[in-house]
Amino acid sequence: MDDHQAVNALVRRCVAGDAAAWQEIVQQYHRRIYNICYRFSGSPDDASDLTQEVFIKVYRTLSSFDGTRAAFMTWVTTVTRNLLVDHFRKGKYDRITDSLEATPGNQEDGLTVGEQLEDHSPSPEEQVQSQQTRKMVQTALQQLSPELREAVILRDLQDMDYKEIALVLKIPEGTVKSRINRGRTELARLLQRNYRQVI
Amino acid sequence: MDGEAKSGMQCVEFEAWLAEALDATLPGSTLAAFEAHQQACPACAAMYREAAAGMHWLNGLEDVEPPRHLVHNILAQTIGSVPEASAQAAPAGEGWFAKLKARVAPVFAPVMTPRFAMSFGMAFFSITMLANIAGFRVGDLKHVDLSAKGLQKTYYSTEARVVRYYENIRLVYEIESRVRDLRRAATPEKQEENTPKSPDKKTGSQEQDRKYQNYSRDESQPLLASCPAVVEQESPQARLNRRTV
């Protein structure tokens, strides 16, 4: 029995009311869902809340999952993405479109976005490994438009293939590739603007 | 345009193949044309470099660790309770503290959240502030006698203090006097019936009025000193002094 069949069997058990099966599903997928939510929202608390909402929605609609049409992971990711879009539309997670000279929360004495993106460590190799750099990349990721952000998150952070991403985002595969290219390019430009020496 | 002519690939095609090129999944002939275009077209070369850099930065991001109680919270919100299998038993060989922690942690999972901690902190701060204003000091507790006899004594003394306080408060006096006035006002006829028929004898209230009258008079009215009524009310001590003289 391959992974696909095993997951489908797990889902069937869960739909039949097996609590242990549901627990296994949660254990298996919560980390991935949490990471998608975290990368999209940029906040651990929001990511935690959204992950719970995703699983509540998955639990309620689990009987509608059709294993012959898509993989369970793709289906769960689609649910996650729809929920994130809903929240984004409600204005909860707006795109950070501030100038690089602006400070978060408009605090006069706070660090500007530009200063946050600045890197003072000596070598690029060390910077990639550092926590600070990851935060800066996450900050830059938040500056991308939601369409580009979700595309690069699914491709570069979740390692999904283009066909799966096209299913999740409900757009043609060519558009997926275009969005991924544009997302990567825009991210690099945002980072490049502040530390050209690294690039 | 020169690049397009030389390589046989247009910029639009280059962009379409960019994702596969970065994934290193381009077939041989396409790869050659792609690389040729990249060499010939500076704009596409720059785009390739930026996309590669962006991918590099994104690949540098690692998975973040979900909160410890996320699974528990999800299970609690979906199936209502956590199945026995999910009770995370501590691995064998761990100390009693780790085992105890593993058993107790899921029970307190719902309250071990930042929001609850913040609410608890605010409540603690408010109670502490009120206690300080009320004059309560935690240090005073060490002087308290917590033996059975001591507690009994404290109970009775506190009760006595409360009763004393209640009886002494002015409000009670005022209410009592008001009630008395109301009773008096409600029963004027009875008072009249109770009054003695002989006009010679004066009622207590009349006497009291006269007393007040006397008190209101000062020493600048010497004539009243010889008044028989006043003499009648001479105090026993004054009477004794007069006899001695």
# chains A, B, ... in the order shown; residues from 1 in each chain; ligands from 1
$ select_by_dssp --residues "segment 36-155 of chain B" --states "helix (DSSP H, G or I)" --output "PyMOL selection string"
chain B and resi 36-40+42-59+70-78+84-86+96-108+114-133+138-143+148-155
$ residues_around --residues "Glu20 of chain B" --least-positions-apart "5" --cutoff "9 Å" --atoms "only C-alpha atoms" --output "number ranges by chain"
A: 177; B: 25-26
$ closest_atom_pairs --of "chain A" --to "chain B" --cutoff "9 Å" --atoms "only C-alpha atoms" --output "Markdown table"
| residue | atom | partner | partner_atom | distance |
| --- | --- | --- | --- | --- |
| A:Ala19 | CA | B:Pro83 | CA | 7.0 |
| A:Ala20 | CA | B:Pro83 | CA | 6.9 |
| A:Trp22 | CA | B:Leu75 | CA | 8.3 |
| A:Gln23 | CA | B:Leu75 | CA | 6.9 |
| A:Val26 | CA | B:Val71 | CA | 6.6 |
| A:Gln27 | CA | B:Val71 | CA | 6.7 |
| A:His30 | CA | B:Val71 | CA | 7.1 |
| A:Arg31 | CA | B:Pro66 | CA | 6.1 |
| A:Arg32 | CA | B:Asp63 | CA | 8.3 |
| A:Tyr34 | CA | B:Pro66 | CA | 6.3 |
| A:Asn35 | CA | B:Val64 | CA | 6.3 |
| A:Tyr38 | CA | B:Val64 | CA | 8.1 |
| A:Pro44 | CA | B:Pro66 | CA | 8.2 |
| A:Ala47 | CA | B:Pro66 | CA | 8.8 |
| A:Ser48 | CA | B:Leu70 | CA | 7.0 |
| A:Thr51 | CA | B:Ile74 | CA | 8.3 |
| A:Gln52 | CA | B:Ile74 | CA | 5.4 |
| A:Glu53 | CA | B:Ile74 | CA | 8.4 |
| A:Phe55 | CA | B:Ile74 | CA | 6.8 |
| A:Ile56 | CA | B:Thr78 | CA | 5.9 |
| A:Tyr59 | CA | B:Thr78 | CA | 6.8 |
| A:Arg60 | CA | B:Thr78 | CA | 8.5 |
| A:Val128 | CA | B:Gly60 | CA | 6.2 |
| A:Gln129 | CA | B:Gly60 | CA | 7.3 |
| A:Thr133 | CA | B:Leu61 | CA | 9.0 |
| A:Arg134 | CA | B:Leu61 | CA | 5.9 |
| A:Lys135 | CA | B:Leu61 | CA | 8.9 |
| A:Val137 | CA | B:Trp57 | CA | 6.8 |
| A:Gln138 | CA | B:Leu61 | CA | 8.1 |
| A:Leu141 | CA | B:Leu58 | CA | 8.7 |
| A:Val152 | CA | B:Leu58 | CA | 8.1 |
| A:Ile153 | CA | B:Leu58 | CA | 8.3 |
| A:Asp156 | CA | B:Asn59 | CA | 6.2 |
| A:Leu157 | CA | B:Asn59 | CA | 6.7 |
| A:Gly174 | CA | B:Ala16 | CA | 7.3 |
| A:Lys177 | CA | B:Ala19 | CA | 6.1 |
| A:Ser178 | CA | B:Ala16 | CA | 6.9 |
| A:Ile180 | CA | B:Ala19 | CA | 7.5 |
| A:Asn181 | CA | B:Ala51 | CA | 6.0 |
| A:Arg182 | CA | B:Ala51 | CA | 7.6 |
| A:Gly183 | CA | B:Gly54 | CA | 7.8 |
| A:Arg184 | CA | B:Gly54 | CA | 4.3 |
| A:Thr185 | CA | B:Ala51 | CA | 4.4 |
| A:Glu186 | CA | B:Gly54 | CA | 7.6 |
| A:Leu187 | CA | B:Gly54 | CA | 5.6 |
| A:Ala188 | CA | B:Gly54 | CA | 4.5 |
| A:Arg189 | CA | B:Glu50 | CA | 7.0 |
| A:Leu191 | CA | B:Gly54 | CA | 8.6 |
| A:Gln192 | CA | B:Glu50 | CA | 8.9 |
| A:Ile199 | CA | B:Ala53 | CA | 7.3 |
$ atom_distance --atom1 "atom CA of Ser29 of chain B" --atom2 "atom CA of Ile171 of chain A"
28.4 Å
$ atom_distance --atom1 "atom CA of Arg179 of chain A" --atom2 "atom CA of Phe65 of chain A"
27.8 Å
$ atom_distance --atom1 "atom CA of Met9 of chain B" --atom2 "atom CA of Ala36 of chain B"
8.4 Å
